[in-house]
Amino acid sequence: MPLRKLLFATLLLVLATAAFSLFAQRKPFSKPTSGIYGTVVDGDSGEALMGANVTATSPSGKVSGTVTDFDGRYALDLAAGSYTVEFNHVGYQIRKEKIAVAAGTAVELDVNLEAGEPLDEVVVVGYGKQRGLRLPRKAPSPAIITDSDMTRIGTPGIAAQSMKRYSEPPLDTRGEGYQRFSENAFTLPQNAPLSTFGADVDVAAYANVRRFINQGQPVPPDAVRTEEMINYFTYDYPQPTGGDPVAFSNELGVCPWNPAHQLLRIGAQAREVPTKDLPASNLVFLIDVSGSMQDADKLPLLKQSFKLLVDRLRSIDKVSIVVYAGAAGTVLEPTAGDQRDSIMLALEGLSAGGSTAGGAGILLAYQLAARSFIKGGNNRIILATDGDFNVGTTAKQSLEDLVAEKRESGVALSILGFGQGNYQDGRMQALAEMGNGNAAYIDNLLEAQKVLVAEFGGTLFTVAKDVKLQVEFNPAYVGAYRLIGYESRILNAEDFNDDKKDGGDMGSGHRVTALYEIIPAGVTSSFLPKVDELNYQSNARRSDAKAVSNGELATVRMKYKAPDAKVSKDKIEVSVPAKPTATPSSDFTWAASVAAWSMMLKESELIGEDFSYAQLLKLAEGARGR
């Protein structure tokens, strides 16, 4: 498929999903009673700019921020006082304004942003200029995009008509690192009735894929981790009601990209703990200040992001700051969370330069976390970096061994990825998994708000650790199955009951969604594995009365440990009826659409050629939800 066509089609769905995510997190536009509001537009065309970061900094260093909506509008509540307001958008020059806010008044501040240095392919359309393909403001509806218009995707010519070529070459992403993996294949339940994996609440892949698309870059197939794409979104799963901190739900329906197959959705919902009831935090900000972090989307965005988090901290919380470049050092000793001025000033004073002694920084951060350890609290290192370690302990295995050893002390390691060009995604994913933490990619301030503010509890506070799921399939109803995604989280069947084997962690309010594609028993499919007849065992499906008549497609089991425990609780177990639902929920359909889109991005052979982007868009459009 031509790259431009693929990118254009991909943008259509990303625009829809990004819009859903944006409006799910932000209230409708309204003027603040005290603060600033206005519109941010392109200085040349006058067209509104969506997604511009707007931050207001007080003389004390306190930062408040928001992001412009689809009409380029923003509103920011501020107390009376003077502020430096910064407007920042990819592809534009940063603009700063000084304003004074009087008590009970709202100041209107409209801003024109001027384009920065020419990017590869800049399109003056819709909501601004950015590198790569951009959609017109009113994108064609799914009804316009038909298979008769083009083989796989939308109406041809739209992207080309709005394209303006510049001489600068596209961003070189060959220095970025991603873990190589192959998709899970279909498995016969007679050969392997149990499918076991560790829970994964990471969402870094979605924001990273969005970054590639927004810049008109081809998406590396290994950057597309389907489970992270699906779990980026929120789903309406029931809260736990008993003593366990996690509740299950499941749903069986028709597989949209292969109607002869079925799709099983398993949802796990962690209990949401109110912020006031969350345990005290001992946080160490481990910040990469090496030379590779100088770009605007690295250290400058990193500092803005951490300031958003600092505004959420309480007096019972502690914050330390460790930095590393050619060497590692402590910038801020443990400080109470309500001492915001001190923390903000320490962040503001950071600058980038030098090589990257990542291993030394991690070791120092663990030492500092141990000194301030809070028993029964949330002890966590938050590593913010582009992942480009090149001094000291740099070998992947050595770093993972160090983190795996230190997690036994009760200190978790979460990772925030920034930047592009040399972004080392594979390394950071591995470290987060080994460190009993989570990983996110921050491509703009809105994503920082999502990860560090809107999902504050889930990102930082674990309610169940080493969460493992195991599904037993009934061969009376299942001819073959495959787990969609979770390739790096696959466990052996015996690992489910082995407390020494690491699972995934779930934080306050976290949701985990897993999808299985199922070939029903008796259905002929080209995807069915071909297995020779066995000499000593029967290939026949189980035919005992229970397997045929119990009406259960599968049994889902889960094990977890309490945050401070070393032994798992008794397993939770639920059965899945073999009869599909007549009308799938919007949660089911949305998760299916994201999974299908991910497989298309990966050019997966498992989705087949008959499922088109037109069908995909129609599927997603009908499942946006609230």
# chains A, B, ... in the order shown; residues from 1 in each chain; ligands from 1
$ select_by_dssp --residues "stretch 394-556 of chain A" --states "helix (DSSP H, G or I)" --output "PyMOL selection string"
chain A and resi 396-407+425-434+445-454+456-460+487-489+493-497+545-549
$ write_last_selection --atoms "N, CA and C atoms" --output "compact mmCIF listing (two decimals), in the first residue's frame"
# COMPACT_ATOMS: atom_id res chain seq x y z
N LYS A 396 21.68 -3.70 28.18
CA LYS A 396 20.26 -3.90 28.47
C LYS A 396 20.07 -4.89 29.61
N GLN A 397 20.77 -6.02 29.56
CA GLN A 397 20.59 -7.04 30.58
C GLN A 397 21.07 -6.55 31.93
N SER A 398 22.19 -5.80 31.96
CA SER A 398 22.71 -5.31 33.24
C SER A 398 21.73 -4.35 33.89
N LEU A 399 21.13 -3.45 33.09
CA LEU A 399 20.15 -2.52 33.64
C LEU A 399 18.92 -3.26 34.15
N GLU A 400 18.45 -4.23 33.38
CA GLU A 400 17.27 -4.99 33.80
C GLU A 400 17.56 -5.77 35.08
N ASP A 401 18.73 -6.35 35.18
CA ASP A 401 19.10 -7.09 36.39
C ASP A 401 19.12 -6.16 37.61
N LEU A 402 19.66 -4.95 37.41
CA LEU A 402 19.72 -3.98 38.50
C LEU A 402 18.30 -3.62 38.96
N VAL A 403 17.42 -3.34 38.02
CA VAL A 403 16.05 -2.94 38.35
C VAL A 403 15.30 -4.11 38.99
N ALA A 404 15.48 -5.32 38.44
CA ALA A 404 14.80 -6.49 39.01
C ALA A 404 15.23 -6.74 40.46
N GLU A 405 16.51 -6.52 40.73
CA GLU A 405 17.01 -6.69 42.10
C GLU A 405 16.42 -5.64 43.03
N LYS A 406 16.36 -4.39 42.58
CA LYS A 406 15.92 -3.29 43.43
C LYS A 406 14.42 -3.29 43.68
N ARG A 407 13.63 -3.89 42.78
CA ARG A 407 12.18 -3.88 42.99
C ARG A 407 11.80 -4.68 44.23
N ASP A 425 12.54 3.05 22.88
CA ASP A 425 11.29 2.53 23.43
C ASP A 425 11.47 1.13 24.02
N GLY A 426 12.16 0.26 23.31
CA GLY A 426 12.31 -1.12 23.77
C GLY A 426 13.00 -1.20 25.12
N ARG A 427 14.02 -0.40 25.31
CA ARG A 427 14.76 -0.43 26.57
C ARG A 427 13.88 0.06 27.72
N MET A 428 13.12 1.12 27.48
CA MET A 428 12.30 1.67 28.55
C MET A 428 11.13 0.76 28.90
N GLN A 429 10.55 0.10 27.91
CA GLN A 429 9.49 -0.86 28.18
C GLN A 429 10.00 -1.99 29.08
N ALA A 430 11.19 -2.50 28.75
CA ALA A 430 11.76 -3.61 29.52
C ALA A 430 12.04 -3.18 30.96
N LEU A 431 12.57 -1.97 31.15
CA LEU A 431 12.88 -1.50 32.50
C LEU A 431 11.62 -1.31 33.32
N ALA A 432 10.57 -0.77 32.70
CA ALA A 432 9.32 -0.56 33.44
C ALA A 432 8.72 -1.90 33.85
N GLU A 433 8.76 -2.89 32.96
CA GLU A 433 8.23 -4.21 33.29
C GLU A 433 9.02 -4.84 34.44
N MET A 434 10.35 -4.74 34.38
CA MET A 434 11.17 -5.34 35.43
C MET A 434 11.03 -4.58 36.75
N LEU A 445 1.61 18.42 26.09
CA LEU A 445 1.19 18.70 27.45
C LEU A 445 -0.16 18.06 27.77
N LEU A 446 -0.99 17.87 26.77
CA LEU A 446 -2.27 17.19 27.00
C LEU A 446 -2.05 15.76 27.46
N GLU A 447 -1.07 15.08 26.87
CA GLU A 447 -0.77 13.72 27.30
C GLU A 447 -0.22 13.72 28.72
N ALA A 448 0.58 14.74 29.05
CA ALA A 448 1.07 14.85 30.43
C ALA A 448 -0.09 15.03 31.40
N GLN A 449 -1.07 15.84 31.03
CA GLN A 449 -2.25 16.01 31.88
C GLN A 449 -3.00 14.70 32.06
N LYS A 450 -3.10 13.93 30.99
CA LYS A 450 -3.80 12.65 31.05
C LYS A 450 -3.09 11.70 32.00
N VAL A 451 -1.77 11.56 31.83
CA VAL A 451 -1.01 10.56 32.59
C VAL A 451 -0.79 10.98 34.03
N LEU A 452 -0.46 12.25 34.25
CA LEU A 452 -0.02 12.69 35.57
C LEU A 452 -1.08 13.43 36.38
N VAL A 453 -2.19 13.81 35.74
CA VAL A 453 -3.25 14.52 36.45
C VAL A 453 -4.55 13.72 36.42
N ALA A 454 -5.11 13.52 35.20
CA ALA A 454 -6.39 12.83 35.10
C ALA A 454 -6.29 11.39 35.60
N PHE A 456 -3.89 10.27 37.72
CA PHE A 456 -2.89 10.40 38.78
C PHE A 456 -2.78 9.14 39.63
N GLY A 457 -3.93 8.66 40.16
CA GLY A 457 -3.91 7.50 41.03
C GLY A 457 -3.43 6.25 40.34
N GLY A 458 -3.93 6.01 39.13
CA GLY A 458 -3.55 4.81 38.40
C GLY A 458 -2.09 4.80 38.03
N THR A 459 -1.54 5.96 37.71
CA THR A 459 -0.14 6.04 37.31
C THR A 459 0.80 5.79 38.48
N LEU A 460 0.42 6.25 39.67
CA LEU A 460 1.38 6.26 40.78
C LEU A 460 1.06 5.30 41.92
N GLU A 487 2.32 -9.66 23.54
CA GLU A 487 3.39 -10.58 23.16
C GLU A 487 4.53 -10.59 24.18
N SER A 488 4.83 -9.43 24.77
CA SER A 488 5.94 -9.38 25.74
C SER A 488 5.51 -9.80 27.14
N ARG A 489 4.23 -10.12 27.30
CA ARG A 489 3.70 -10.47 28.62
C ARG A 489 3.27 -11.94 28.72
N ALA A 493 2.09 -21.76 31.34
CA ALA A 493 0.91 -22.12 32.13
C ALA A 493 1.26 -22.28 33.60
N GLU A 494 2.42 -22.87 33.89
CA GLU A 494 2.79 -23.12 35.28
C GLU A 494 3.18 -21.83 36.02
N ASP A 495 3.49 -20.75 35.26
CA ASP A 495 3.87 -19.49 35.90
C ASP A 495 2.70 -18.85 36.64
N PHE A 496 1.49 -19.25 36.29
CA PHE A 496 0.31 -18.67 36.93
C PHE A 496 0.33 -18.91 38.44
N ASN A 497 0.79 -20.07 38.86
CA ASN A 497 0.82 -20.42 40.27
C ASN A 497 2.19 -20.25 40.91
N ALA A 545 -19.81 -35.39 28.11
CA ALA A 545 -21.07 -34.65 28.21
C ALA A 545 -20.87 -33.26 28.80
N LYS A 546 -20.00 -33.14 29.80
CA LYS A 546 -19.80 -31.84 30.45
C LYS A 546 -19.26 -30.82 29.47
N ALA A 547 -18.26 -31.22 28.69
CA ALA A 547 -17.65 -30.29 27.74
C ALA A 547 -18.64 -29.84 26.68
N VAL A 548 -19.54 -30.69 26.29
CA VAL A 548 -20.48 -30.35 25.24
C VAL A 548 -21.66 -29.54 25.76
N SER A 549 -22.15 -29.88 26.95
CA SER A 549 -23.43 -29.34 27.38
C SER A 549 -23.35 -28.22 28.42
$ residues_around --residues "A:Gly175" --least-positions-apart "4" --cutoff "8 Å" --atoms "only C-alpha atoms" --output "compact mmCIF listing (two decimals) with N, CA and C atoms, in the first residue's frame"
# COMPACT_ATOMS: atom_id res chain seq x y z
N GLY A 421 13.80 10.66 17.37
CA GLY A 421 15.09 10.57 16.68
C GLY A 421 16.00 9.53 17.28
N ASN A 422 16.12 9.53 18.62
CA ASN A 422 16.94 8.52 19.30
C ASN A 422 16.16 7.88 20.45
N TYR A 423 14.85 7.94 20.38
CA TYR A 423 13.98 7.39 21.42
C TYR A 423 14.14 5.88 21.52
$ atom_distance --atom1 "atom CA of A:Thr57" --atom2 "atom CA of A:Ala346"
14.6 Å
$ residues_around --residues "stretch 97-110 of chain A" --least-positions-apart "3" --cutoff "10 Å" --atoms "only C-alpha atoms" --output "PDB file with C-alpha atoms, in the first residue's frame"
ATOM      1  CA  LYS A  31     -14.972  31.612  30.206  1.00  0.00           C
ATOM      2  CA  PRO A  32     -13.268  31.376  33.601  1.00  0.00           C
ATOM      3  CA  THR A  33     -14.546  33.535  36.447  1.00  0.00           C
ATOM      4  CA  SER A  34     -10.942  34.533  37.131  1.00  0.00           C
ATOM      5  CA  GLY A  35      -8.103  33.883  34.695  1.00  0.00           C
ATOM      6  CA  ILE A  36      -7.450  34.048  30.958  1.00  0.00           C
ATOM      7  CA  TYR A  37      -9.154  32.772  27.825  1.00  0.00           C
ATOM      8  CA  GLY A  38      -8.889  33.255  24.100  1.00  0.00           C
ATOM      9  CA  THR A  39      -8.104  31.668  20.753  1.00  0.00           C
ATOM     10  CA  VAL A  40      -4.800  30.511  19.241  1.00  0.00           C
ATOM     11  CA  VAL A  41      -4.553  30.712  15.447  1.00  0.00           C
ATOM     12  CA  ALA A  56       0.842  30.300  32.875  1.00  0.00           C
ATOM     13  CA  THR A  57       3.755  30.644  35.297  1.00  0.00           C
ATOM     14  CA  GLY A  72      -8.320  26.782  18.980  1.00  0.00           C
ATOM     15  CA  ARG A  73      -9.989  28.026  22.175  1.00  0.00           C
ATOM     16  CA  TYR A  74      -8.574  27.781  25.672  1.00  0.00           C
ATOM     17  CA  ALA A  75      -9.636  28.795  29.178  1.00  0.00           C
ATOM     18  CA  LEU A  76      -7.407  28.806  32.236  1.00  0.00           C
ATOM     19  CA  ASP A  77      -8.521  29.492  35.814  1.00  0.00           C
ATOM     20  CA  LEU A  78      -5.972  31.649  37.644  1.00  0.00           C
ATOM     21  CA  ALA A  79      -5.819  33.462  40.962  1.00  0.00           C
ATOM     22  CA  ALA A  80      -5.210  37.200  40.980  1.00  0.00           C
ATOM     23  CA  GLY A  81      -1.616  38.076  40.145  1.00  0.00           C
ATOM     24  CA  SER A  82       0.926  38.483  37.369  1.00  0.00           C
ATOM     25  CA  TYR A  83       1.857  35.640  35.012  1.00  0.00           C
ATOM     26  CA  THR A  84       4.094  34.733  32.114  1.00  0.00           C
ATOM     27  CA  VAL A  85       1.896  32.926  29.604  1.00  0.00           C
ATOM     28  CA  GLU A  86       3.575  30.643  27.069  1.00  0.00           C
ATOM     29  CA  PHE A  87       1.944  29.363  23.874  1.00  0.00           C
TER      30      PHE A  87
END
$ residues_around --residues "stretch 242-254 of chain A" --least-positions-apart "6" --cutoff "9 Å" --atoms "only C-alpha atoms" --output "ChimeraX atom specification"
/A:260-272,463-464,506,508,556,558,562,572-585,588
$ closest_residue --among "A:Arg511, A:Arg225, A:Lys96, A:Lys501" --to "A:Pro238" --atoms "only C-alpha atoms"
A:Arg511
